[in-house]
file input.cif (mmCIF, C-alpha atoms)
data_data
#
loop_
_atom_site.label_atom_id
_atom_site.label_comp_id
_atom_site.auth_asym_id
_atom_site.auth_seq_id
_atom_site.Cartn_x
_atom_site.Cartn_y
_atom_site.Cartn_z
CA MET V 2 113.82 33.01 39.32
CA ILE V 3 112.15 29.66 38.48
CA PRO V 4 110.63 29.68 34.97
CA PRO V 5 106.81 29.21 34.93
CA PRO V 6 106.92 25.81 33.11
CA THR V 7 109.16 24.43 35.83
CA MET V 8 106.82 25.59 38.59
CA ALA V 9 103.90 23.95 36.76
CA ILE V 10 105.89 20.73 36.35
CA TYR V 11 106.72 20.65 40.08
CA ALA V 12 103.07 21.25 40.95
CA ALA V 13 102.02 18.37 38.68
CA LEU V 14 104.73 16.14 40.17
CA GLU V 15 103.45 16.86 43.67
CA LYS V 16 100.09 15.34 42.70
CA LEU V 17 101.82 12.15 41.51
CA LEU V 18 103.99 11.64 44.59
CA VAL V 19 102.66 9.65 47.56
CA PRO V 20 102.58 11.26 51.05
CA ALA V 21 105.15 9.55 53.26
CA THR V 22 104.63 8.52 56.88
CA LEU V 23 107.11 8.39 59.73
CA PRO V 24 108.29 4.96 60.88
CA ALA V 25 108.43 3.83 64.50
CA PRO V 26 109.68 5.17 66.84
CA TRP V 27 109.33 8.55 65.09
CA ASP V 28 105.58 8.04 64.64
CA GLY V 29 104.99 10.09 67.78
CA CYS V 30 105.73 13.17 65.62
CA SER V 31 103.84 14.44 62.60
CA ALA V 32 105.38 14.08 59.16
CA PRO V 33 106.87 17.38 57.95
CA PRO V 34 105.07 19.23 55.15
CA GLY V 35 106.19 18.17 51.69
CA TYR V 36 107.48 14.73 52.72
CA PHE V 37 106.70 12.28 49.90
CA GLU V 38 107.57 8.91 48.38
CA SER V 39 108.04 8.02 44.72
CA PRO V 40 104.86 6.76 43.01
CA PRO V 41 104.44 2.97 42.76
CA ASP V 42 104.18 2.97 38.93
CA PRO V 43 107.10 4.86 37.30
CA GLU V 44 105.84 4.23 33.74
CA GLN V 45 102.44 5.71 34.49
CA CYS V 46 104.14 8.69 36.10
CA LEU V 47 106.23 9.24 32.95
CA LYS V 48 103.18 9.06 30.69
CA GLN V 49 101.25 11.61 32.72
CA LEU V 50 104.12 14.07 32.79
CA GLN V 51 104.82 13.68 29.07
CA GLY V 52 101.14 14.23 28.36
CA GLN V 53 101.26 17.67 29.98
CA PHE V 54 104.73 19.04 29.25
CA SER V 55 107.33 18.97 26.50
CA HIS V 56 110.42 16.80 26.69
CA ALA V 57 112.69 19.86 26.81
CA HIS V 58 110.80 21.40 29.74
CA LEU V 59 110.87 18.14 31.70
CA VAL V 60 114.64 17.87 31.18
CA ALA V 61 115.13 21.50 32.21
CA ALA V 62 113.12 20.85 35.40
CA GLY V 63 115.26 17.81 36.25
CA VAL V 64 112.37 15.36 36.10
CA LEU V 65 113.81 13.65 33.00
CA LEU V 66 117.47 12.92 32.38
CA ALA V 67 119.10 14.46 29.34
CA PRO V 68 119.47 11.70 26.69
CA ALA V 69 122.99 10.54 25.94
CA CYS V 70 122.17 10.40 22.21
CA PRO V 71 119.25 11.71 20.07
CA ASP V 72 117.74 8.25 19.62
CA ALA V 73 117.73 7.38 23.33
CA GLN V 74 114.45 6.83 25.13
CA PRO V 75 113.44 9.39 27.81
CA GLU V 76 114.48 8.30 31.27
CA LEU V 77 112.96 9.43 34.54
CA HIS V 78 114.97 10.89 37.39
CA PRO V 79 116.62 7.99 39.32
CA ASP V 80 114.46 8.59 42.40
CA LEU V 81 111.30 8.39 40.27
CA GLN V 82 112.36 5.06 38.78
CA VAL V 83 112.28 3.29 42.18
CA PRO V 84 109.04 3.27 44.23
CA SER V 85 109.09 4.49 47.85
CA ARG V 86 112.17 6.70 47.44
CA LYS V 87 111.92 9.68 49.79
CA TRP V 88 111.34 13.27 48.58
CA LEU V 89 111.06 16.66 50.25
CA ALA V 90 109.16 19.40 48.43
CA LEU V 91 110.62 22.88 48.95
CA ARG V 92 107.77 25.38 48.89
CA THR V 93 106.90 29.04 48.73
CA PRO V 94 103.33 30.31 49.21
CA SER V 95 102.76 29.83 45.46
CA GLY V 96 103.72 26.14 45.52
CA PRO V 97 106.80 23.87 45.24
CA PHE V 98 109.84 25.52 43.65
CA ASP V 99 112.21 22.53 43.97
CA TYR V 100 112.49 18.98 45.29
CA LEU V 101 115.15 17.49 47.51
CA THR V 102 116.13 13.86 46.84
CA ASP V 103 119.00 11.58 47.76
CA HIS V 104 120.58 12.63 44.45
CA GLY V 105 120.35 16.32 45.26
CA CYS V 106 117.90 19.03 44.20
CA LEU V 107 116.02 18.66 40.92
CA SER V 108 117.08 22.19 40.02
CA GLY V 109 120.75 21.37 40.55
CA ARG V 110 121.13 23.87 43.39
CA LEU V 111 123.09 23.08 46.52
CA PRO V 112 120.60 21.70 49.10
CA VAL V 113 121.98 23.81 51.98
CA LEU V 114 121.20 26.89 49.85
CA ALA V 115 117.93 25.83 48.21
CA SER V 116 116.34 24.65 51.46
CA GLN V 117 116.73 28.10 53.01
CA ASP V 118 114.12 29.40 50.57
CA ASP V 119 111.58 26.86 51.85
CA ASN V 120 108.84 28.41 53.98
CA HIS V 121 108.91 25.70 56.65
CA VAL V 122 112.69 25.75 57.04
CA GLN V 123 112.70 29.53 57.26
CA GLN V 124 110.09 29.43 60.01
CA LEU V 125 112.12 26.88 61.98
CA LEU V 126 115.31 28.90 61.58
CA LEU V 127 113.51 31.91 62.98
CA THR V 128 111.68 30.28 65.88
CA THR V 129 114.05 27.56 67.15
CA GLU V 130 117.36 29.52 67.11
CA CYS V 131 118.89 26.31 65.76
CA GLU V 132 121.38 26.31 62.93
CA LEU V 133 120.54 24.54 59.69
CA LEU V 134 121.22 20.81 60.02
CA ALA V 135 122.77 19.04 57.01
CA ALA V 136 121.92 15.32 57.18
CA ALA V 137 123.19 12.44 55.06
CA THR V 138 119.81 11.44 53.56
CA VAL V 139 116.39 12.92 52.88
CA ALA V 140 114.87 10.50 55.42
CA ASP V 141 117.30 11.73 58.10
CA ALA V 142 116.41 15.34 57.32
CA ALA V 143 112.69 14.51 57.46
CA MET V 144 113.01 13.05 60.97
CA LEU V 145 114.72 16.21 62.21
CA LEU V 146 112.09 18.38 60.53
CA ALA V 147 109.40 16.31 62.23
CA ALA V 148 111.09 17.10 65.57
CA GLY V 149 110.85 20.82 64.80
CA LEU V 150 114.47 21.40 63.68
CA PRO V 151 115.52 23.07 60.39
CA ALA V 152 117.16 20.37 58.28
CA THR V 153 118.29 19.61 54.75
CA SER V 154 120.75 17.34 52.92
CA SER V 155 124.54 17.67 52.87
CA LEU V 156 124.73 16.52 49.24
CA GLY V 157 127.04 18.59 47.08
CA LEU V 158 129.27 19.86 49.88
CA THR V 159 132.11 17.60 48.76
CA GLN V 160 131.95 19.31 45.35
CA LEU V 161 132.45 22.87 46.58
CA ARG V 162 134.83 24.41 44.05
CA ARG V 163 134.94 27.31 41.61
CA ALA V 164 131.43 28.74 40.95
CA ALA V 165 129.76 26.47 43.52
CA LEU V 166 132.28 27.56 46.16
CA ASP V 167 131.67 31.21 45.28
CA ASP V 168 127.91 30.75 45.69
CA PHE V 169 128.42 28.92 48.98
CA CYS V 170 130.72 31.60 50.45
CA GLU V 171 128.46 34.40 49.26
CA ALA V 172 125.37 32.79 50.80
CA PHE V 173 127.06 32.30 54.20
CA HIS V 174 129.07 35.55 54.00
CA LEU V 175 132.44 33.79 54.23
CA ALA V 176 135.68 35.44 53.20
CA ARG V 177 137.63 33.68 50.47
CA PRO V 178 140.78 34.46 48.45
CA GLY V 179 140.40 37.34 46.01
CA GLN V 180 137.14 38.63 47.48
CA ASP V 181 136.34 42.26 48.22
CA SER V 182 135.61 42.71 51.94
CA ALA V 183 132.56 44.83 51.07
CA ALA V 184 130.91 41.74 49.65
CA LEU V 185 130.71 40.26 53.16
CA GLU V 186 128.31 42.93 54.40
CA ARG V 187 124.86 41.51 55.01
CA PRO V 188 121.95 43.31 53.33
CA THR V 189 119.80 45.32 55.69
CA THR V 190 116.46 46.60 54.53
CA ALA V 191 114.69 46.92 57.88
CA GLY V 192 112.89 50.19 58.19
CA LYS V 193 113.22 51.18 54.53
CA PRO V 194 109.83 52.14 53.05
CA GLY V 195 108.69 50.02 50.15
CA VAL V 196 111.42 47.40 50.64
CA PRO V 197 110.34 43.95 51.88
CA PRO V 198 112.38 42.60 54.81
CA VAL V 199 115.13 40.09 54.09
CA LYS V 200 113.95 36.55 54.81
CA HIS V 201 115.65 34.70 57.62
CA LYS V 202 118.64 32.75 56.36
CA ALA V 203 121.12 30.51 58.15
CA GLU V 204 124.53 31.98 58.93
CA ARG V 205 126.11 28.55 59.33
CA PHE V 206 125.10 24.89 59.43
CA VAL V 207 125.81 21.72 61.39
CA ILE V 208 126.77 18.44 59.73
CA VAL V 209 124.64 15.60 61.15
CA ALA V 210 127.18 12.79 61.47
CA TRP V 211 124.67 10.11 62.49
CA SER V 212 121.38 8.78 61.17
CA PRO V 213 118.23 10.00 62.94
CA PHE V 214 116.14 7.80 60.62
CA GLN V 215 117.96 4.61 61.65
CA LEU V 216 119.01 5.91 65.09
CA SER V 217 122.55 4.74 64.41
CA LEU V 218 125.99 6.27 64.06
CA ALA V 219 126.16 5.24 60.39
CA ALA V 220 126.16 8.38 58.24
CA PRO V 221 127.49 7.58 54.75
CA GLY V 222 129.43 10.39 53.12
CA GLN V 223 129.52 12.73 56.08
CA GLU V 224 133.21 12.07 56.83
CA ASP V 225 133.99 13.02 53.21
CA VAL V 226 132.08 16.26 53.73
CA ARG V 227 134.07 17.00 56.85
CA ARG V 228 137.41 16.34 55.19
CA HIS V 229 136.57 18.64 52.28
CA LEU V 230 135.45 21.45 54.61
CA GLU V 231 138.63 21.03 56.65
CA ARG V 232 140.72 21.34 53.49
CA LEU V 233 138.86 24.51 52.53
CA ALA V 234 139.54 25.95 55.97
CA HIS V 235 143.17 24.84 56.10
CA HIS V 236 144.35 25.63 52.57
CA LEU V 237 142.10 28.57 51.64
CA ALA V 238 141.61 30.06 55.13
CA ILE V 239 137.82 30.06 54.67
CA PRO V 240 136.47 30.66 58.19
CA LEU V 241 134.42 27.53 58.91
CA GLN V 242 135.15 27.32 62.64
CA ASP V 243 131.53 28.15 63.53
CA PHE V 244 130.12 25.30 61.42
CA GLY V 245 129.33 22.30 63.61
CA TRP V 246 129.86 18.53 63.59
CA TRP V 247 127.05 16.69 65.38
CA ARG V 248 128.07 13.13 66.23
CA PRO V 249 126.86 11.86 69.60
CA THR V 250 128.69 9.18 71.53
CA GLU V 251 127.15 5.71 71.78
CA GLU V 252 125.81 6.54 75.23
CA GLU V 253 124.36 9.84 74.00
CA LEU V 254 122.83 8.09 71.01
CA ALA V 255 121.15 5.58 73.31
CA SER V 256 119.68 8.49 75.29
CA LEU V 257 118.46 10.18 72.09
CA ALA V 258 116.89 6.94 70.87
CA PHE V 259 115.10 6.52 74.17
CA ALA V 260 113.90 10.13 73.98
CA VAL V 261 112.47 9.51 70.49
CA GLN V 262 110.56 6.51 71.83
CA THR V 263 109.18 8.15 74.96
CA LEU V 264 108.94 11.95 74.58
CA GLY V 265 106.45 14.13 72.77
CA PRO V 266 107.57 16.47 69.96
CA ALA V 267 108.16 19.51 72.19
CA ALA V 268 110.25 17.68 74.81
CA LEU V 269 112.11 15.77 72.07
CA ASN V 270 112.99 19.07 70.42
CA VAL V 271 114.59 20.28 73.66
CA GLN V 272 116.54 17.03 74.03
CA LEU V 273 117.91 17.24 70.50
CA LEU V 274 118.81 20.92 70.88
CA ALA V 275 120.80 20.13 74.03
CA SER V 276 122.78 17.52 72.09
CA ILE V 277 123.41 19.92 69.20
CA ASP V 278 124.60 22.64 71.55
CA ALA V 279 127.53 20.47 72.65
CA CYS V 280 128.82 19.67 69.16
CA PRO V 281 132.38 20.72 68.17
CA PRO V 282 133.42 22.64 65.03
CA VAL V 283 133.41 20.67 61.79
CA ALA V 284 136.75 22.14 60.66
CA SER V 285 138.93 21.68 63.72
CA SER V 286 142.07 22.29 61.71
CA ALA V 287 140.91 25.84 61.06
CA GLN V 288 141.17 26.73 64.72
CA LYS V 289 144.17 28.92 65.41
CA LYS V 290 146.31 28.43 68.47
CA LYS V 291 144.87 30.38 71.35
CA PRO V 292 147.20 32.69 73.30
CA ALA V 293 147.80 31.92 76.93
CA GLN V 294 145.19 33.54 79.13
CA LYS V 295 146.26 36.30 81.44
CA PRO V 296 145.28 36.05 85.12
CA ALA V 297 141.78 37.38 85.61
CA SER V 298 141.39 40.33 87.94
CA ALA V 299 139.06 40.46 90.92
CA SER V 300 136.84 42.92 89.08
CA ALA V 301 136.25 40.43 86.25
CA ALA V 302 135.84 37.12 87.96
CA ILE V 303 133.85 35.58 85.13
CA GLN V 304 134.91 35.86 81.50
CA PRO V 305 132.59 34.96 78.60
CA GLY V 306 133.37 31.54 77.13
CA GLN V 307 133.38 30.39 73.53
CA ARG V 308 130.30 30.96 71.41
CA SER V 309 127.81 28.18 70.99
CA VAL V 310 127.07 26.74 67.60
CA LEU V 311 123.39 27.24 68.24
CA ASN V 312 123.42 30.71 69.74
CA PRO V 313 126.48 32.95 69.19
CA LEU V 314 125.56 34.98 72.31
CA ALA V 315 124.80 32.00 74.57
CA SER V 316 128.14 32.05 76.40
CA GLU V 317 128.04 35.80 76.99
CA GLN V 318 124.47 35.59 78.27
CA HIS V 319 125.36 32.68 80.54
CA ALA V 320 128.40 34.54 81.91
CA ALA V 321 126.32 37.65 82.64
CA ARG V 322 123.71 35.63 84.53
CA TRP V 323 126.42 33.74 86.46
CA ARG V 324 128.22 36.98 87.36
CA GLU V 325 124.97 38.49 88.62
CA ARG V 326 124.26 35.39 90.69
CA LEU V 327 127.76 35.50 92.22
CA ASP V 328 127.34 39.16 93.12
CA GLN V 329 123.99 38.51 94.79
CA GLN V 330 124.68 35.20 96.56
CA VAL V 331 128.45 35.17 97.21
CA PHE V 332 130.31 38.44 96.96
CA GLY V 333 127.43 40.62 98.23
CA PRO V 334 127.05 38.78 101.56
CA LEU V 335 130.84 38.63 101.97
CA GLN V 336 131.15 42.37 101.41
CA HIS V 337 128.36 43.01 103.91
CA GLU V 338 130.04 40.81 106.50
CA LEU V 339 133.46 42.38 106.23
CA GLU V 340 131.99 45.88 106.47
CA SER V 341 129.98 45.00 109.59
CA GLY V 342 132.88 43.56 111.58
CA SER V 343 133.62 45.15 114.97
CA CYS V 344 136.79 43.36 116.05
CA PRO V 345 139.84 44.41 113.95
CA LEU V 346 141.19 40.87 113.81
CA THR V 347 137.84 39.48 112.60
CA GLN V 348 137.52 42.25 110.06
CA ASN V 349 141.01 41.57 108.69
CA LEU V 350 140.20 37.90 108.40
CA ARG V 351 137.04 38.75 106.48
CA PHE V 352 139.00 40.90 104.06
CA ALA V 353 141.49 38.06 103.53
CA HIS V 354 138.67 35.53 103.10
CA PHE V 355 136.92 37.75 100.56
CA ALA V 356 140.14 38.22 98.55
CA ALA V 357 140.84 34.46 98.62
CA SER V 358 137.31 33.65 97.39
CA VAL V 359 137.72 36.02 94.43
CA ALA V 360 141.14 34.59 93.57
CA LEU V 361 139.83 31.03 93.78
CA GLN V 362 136.85 31.84 91.57
CA ASN V 363 139.12 33.45 88.96
CA TYR V 364 141.42 30.44 88.90
CA LEU V 365 138.52 28.00 88.62
CA GLN V 366 137.35 29.85 85.52
CA ARG V 367 140.83 29.52 84.01
CA VAL V 368 140.88 25.79 84.78
CA VAL V 369 137.52 25.32 83.04
CA ALA V 370 138.62 27.40 80.03
CA THR V 371 141.88 25.42 79.72
CA TYR V 372 140.74 21.84 80.35
CA GLY V 373 137.04 22.06 79.47
CA PRO V 374 135.46 20.57 76.31
CA ALA V 375 135.19 23.99 74.62
CA ASN V 376 139.00 24.20 74.30
CA LYS V 377 139.98 22.18 71.21
CA THR V 378 143.60 23.41 71.05
CA LEU V 379 145.09 22.35 74.37
CA ASP V 380 148.86 22.84 74.37
CA GLY V 381 151.82 22.88 76.76
CA ASP V 382 151.81 26.63 77.33
CA GLU V 383 148.30 26.57 78.73
CA THR V 384 148.88 23.57 80.98
CA ARG V 385 152.04 25.14 82.44
CA LEU V 386 150.19 28.34 83.32
CA VAL V 387 147.12 26.61 84.75
CA THR V 388 147.81 23.54 86.90
CA PHE V 389 145.77 21.58 89.39
CA ALA V 390 148.64 21.92 91.90
CA HIS V 391 148.13 25.69 91.95
CA LEU V 392 144.41 25.13 92.33
CA GLN V 393 145.02 22.85 95.31
CA VAL V 394 147.10 25.55 97.03
CA LEU V 395 144.31 28.08 96.54
CA VAL V 396 141.68 25.66 97.86
CA ASP V 397 143.78 24.82 100.95
CA THR V 398 144.38 28.50 101.68
CA PHE V 399 140.70 29.29 101.28
CA LEU V 400 139.68 26.46 103.63
CA LYS V 401 142.23 27.53 106.26
CA LEU V 402 140.97 31.09 106.12
CA THR V 403 137.38 29.85 106.39
CA ARG V 404 138.15 27.84 109.54
CA ALA V 405 140.09 30.72 111.09
CA LEU V 406 137.32 33.19 110.32
CA ARG V 407 134.64 30.96 111.83
CA ALA V 408 136.70 30.55 115.02
CA ALA V 409 137.20 34.31 115.21
CA GLU V 410 133.49 34.97 114.72
CA ARG V 411 132.57 32.52 117.49
CA ALA V 412 135.01 34.14 119.89
CA ASP V 413 133.84 37.61 118.89
CA LYS V 414 130.23 36.61 119.51
CA ALA V 415 131.10 35.20 122.91
CA GLY V 416 132.87 38.43 123.78
CA LYS V 417 129.87 40.53 122.86
CA ALA V 418 127.65 38.36 125.07
CA ASP V 419 129.88 39.12 128.03
CA LYS V 420 129.00 42.75 128.72
CA ALA V 421 131.61 43.02 131.44
CA ASP V 422 134.49 42.49 128.99
CA LYS V 423 136.23 45.39 127.33
CA PRO V 424 136.41 45.63 123.51
CA THR V 425 140.12 44.80 123.56
CA GLY V 426 139.41 41.66 125.52
CA THR V 427 137.26 40.35 122.70
CA CYS V 428 140.16 40.41 120.24
CA SER V 429 142.38 38.69 122.78
CA ARG V 430 139.88 35.84 123.10
CA VAL V 431 139.72 35.60 119.29
CA ALA V 432 143.47 35.07 119.10
CA SER V 433 143.37 32.61 122.02
CA ALA V 434 140.64 30.55 120.37
CA MET V 435 142.65 30.40 117.14
CA ASP V 436 145.81 29.39 119.03
CA ARG V 437 143.92 26.57 120.74
CA GLN V 438 142.72 25.23 117.39
CA GLY V 439 146.24 25.37 115.99
CA LYS V 440 145.04 26.36 112.53
CA PRO V 441 147.19 28.94 110.70
CA VAL V 442 145.72 31.85 108.81
CA GLY V 443 146.78 32.05 105.16
CA ASN V 444 150.54 31.46 104.98
CA GLY V 445 151.03 31.88 108.69
CA SER V 446 151.67 35.63 108.66
CA SER V 447 149.73 38.09 110.75
CA PRO V 448 146.41 38.95 109.08
CA GLY V 449 146.66 42.52 110.26
#
call {"tool": "encode", "arguments": {"input": "input.cif", "output": "structure tokens"}}
result
Amino acid sequence: MIPPPTMAIYAALEKLLVPATLPAPWDGCSAPPGYFESPPDPEQCLKQLQGQFSHAHLVAAGVLLAPACPDAQPELHPDLQVPSRKWLALRTPSGPFDYLTDHGCLSGRLPVLASQDDNHVQQLLLTTECELLAAATVADAAMLLAAGLPATSSLGLTQLRRAALDDFCEAFHLARPGQDSAALERPTTAGKPGVPPVKHKAERFVIVAWSPFQLSLAAPGQEDVRRHLERLAHHLAIPLQDFGWWRPTEEELASLAFAVQTLGPAALNVQLLASIDACPPVASSAQKKKPAQKPASASAAIQPGQRSVLNPLASEQHAARWRERLDQQVFGPLQHELESGSCPLTQNLRFAHFAASVALQNYLQRVVATYGPANKTLDGDETRLVTFAHLQVLVDTFLKLTRALRAAERADKAGKADKADKPTGTCSRVASAMDRQGKPVGNGSSPG
């Protein structure tokens, strides 16, 4: 709970700060609410604040620095001493409750925690389905907020230890040594009379390892943040594998920069979200070795992939849609064809072709899961079980069966057109047509 004098001080400070504008090429977006610059006259700012509030209250609010000795002169916060420094006001409906600067929050809270109480960030977390983005500077966070993405500063994450680490793990519901498992349960008040609903909070965040403000890969301090989070995951087994690391390649950065210059806010938001969706975990060392995958059965041709950083259910939803599309466009027509066959040889070939298509689809999914970008722990066991040589054998077999089936269907159709032929003569012409082509079926054995 913020004490009333502090809220009044923050409201008075908001009147002294100067509204900040977005530089080119970000000027196609609107500046986020609460984006300010330091006033041009620091001494005048100090006089006005001291004329309204006591020295002790200003120090408690973080606007003044605590004096090193009793005789020292009052000193403004470092970001108030320099004009044009960037600020982000964190607000509730009653007004600003904190300020985010490049030295951290005025209240001393961790920015990734304090920003989640901001009305605008909460709304973006709820509507965009994007994780909280932790940028290197306030200006970087402001550009992302202007693009409609929930953002804050990563300051303080390299100092996660003791009480600060406890607060961090509690806020993100992360297990840590010596913690009761009951403490990880998330509060649920939905449907309880007289209890307000829990506000939307981030379950994880993504480290922004580039500078949206400068549109460059320079992101001071972010590598230190990553190393500290990796040590927490490795030495303390804190599960940070769902926290992301967003660092585009040079080519991707060029595409993002061009998008900022040419797209409107809505289209730019989609472009940025697509880039975020591909980011890897921030604590790669926390990933445990994955067991070798068992061969997929024909009844489960598609298996859900790894969860996305943006949407934990994205892979499962994608797999369900893909499975439905396969059933409708691939396996359904194949099943209909093999059931409608009249010639026994053609029908057997259709059964073999259907089985080969399922086996090939299963193996392709295993190849993607093993060698795709989502697998960060590629090892020798996986590569021995899933090889491109095996895939080539399956593809060759499937193509041979396809050619044989097409030849059989042509011969079968020609036999039906000849009403004078007997049914057995049709199958004989099917075999003769296949012999003339000289193309084996499967491994050369009789399909029947």
call {"tool": "residues_around", "arguments": {"input": "input.cif", "residues": "V:His229", "least_positions_apart": "4", "cutoff": "10 Å", "atoms": "all atoms listed in the file", "output": "mmCIF file with C-alpha atoms, in the frame of the given file"}}
result
data_model
loop_
_atom_site.group_PDB
_atom_site.id
_atom_site.type_symbol
_atom_site.label_atom_id
_atom_site.label_comp_id
_atom_site.auth_asym_id
_atom_site.auth_seq_id
_atom_site.Cartn_x
_atom_site.Cartn_y
_atom_site.Cartn_z
ATOM 1 C CA LEU V 158 129.270 19.860 49.880
ATOM 2 C CA THR V 159 132.110 17.600 48.760
ATOM 3 C CA GLN V 160 131.950 19.310 45.350
ATOM 4 C CA LEU V 161 132.450 22.870 46.580
ATOM 5 C CA GLN V 223 129.520 12.730 56.080
ATOM 6 C CA GLU V 224 133.210 12.070 56.830
ATOM 7 C CA ASP V 225 133.990 13.020 53.210
ATOM 8 C CA LEU V 233 138.860 24.510 52.530
ATOM 9 C CA ALA V 234 139.540 25.950 55.970
ATOM 10 C CA HIS V 235 143.170 24.840 56.100
ATOM 11 C CA ALA V 284 136.750 22.140 60.660
#
call {"tool": "atom_distance", "arguments": {"input": "input.cif", "atom1": "atom CA of V:Val368", "atom2": "atom CA of V:Val387"}}
result
6.3 Å
call {"tool": "closest_residue", "arguments": {"input": "input.cif", "among": "V:Arg92, V:His391, V:Arg404, V:His104", "to": "V:Asp80", "atoms": "all atoms listed in the file"}}
result
V:His104
call {"tool": "closest_residue", "arguments": {"input": "input.cif", "among": "V:Val283, V:Gly416, V:Ala409, V:Gln366", "to": "V:Leu392", "atoms": "only C-alpha atoms"}}
result
V:Gln366
call {"tool": "closest_residue", "arguments": {"input": "input.cif", "among": "V:Pro213, V:Pro79, V:Pro281, V:Pro221", "to": "V:Gln242", "atoms": "only C-alpha atoms"}}
result
V:Pro281
call {"tool": "atom_distance", "arguments": {"input": "input.cif", "atom1": "atom CA of V:Leu111", "atom2": "atom CA of V:Gly157"}}
result
6.0 Å
call {"tool": "resolve_selection", "arguments": {"input": "input.cif", "expression": "the PyMOL selection byres ((chain V and resi 47) around 10)", "output": "JSON, numbers by chain"}}
result
{"V": [42, 43, 44, 45, 46, 48, 49, 50, 51, 52, 64, 65, 75, 76, 77, 78, 81, 82]}
call {"tool": "atom_distance", "arguments": {"input": "input.cif", "atom1": "atom CA of V:Cys30", "atom2": "atom CA of V:Pro266"}}
result
5.8 Å
call {"tool": "closest_residue", "arguments": {"input": "input.cif", "among": "V:Arg367, V:His56, V:Arg177, V:His121", "to": "V:Ile239", "atoms": "only C-alpha atoms"}}
result
V:Arg177
call {"tool": "closest_residue", "arguments": {"input": "input.cif", "among": "V:Ile208, V:Val359, V:Val394, V:Ala21", "to": "V:Ser85", "atoms": "all atoms listed in the file"}}
result
V:Ala21
call {"tool": "closest_residue", "arguments": {"input": "input.cif", "among": "V:Val226, V:Leu166, V:Ala147, V:Ala275", "to": "V:Asp28", "atoms": "only C-alpha atoms"}}
result
V:Ala147
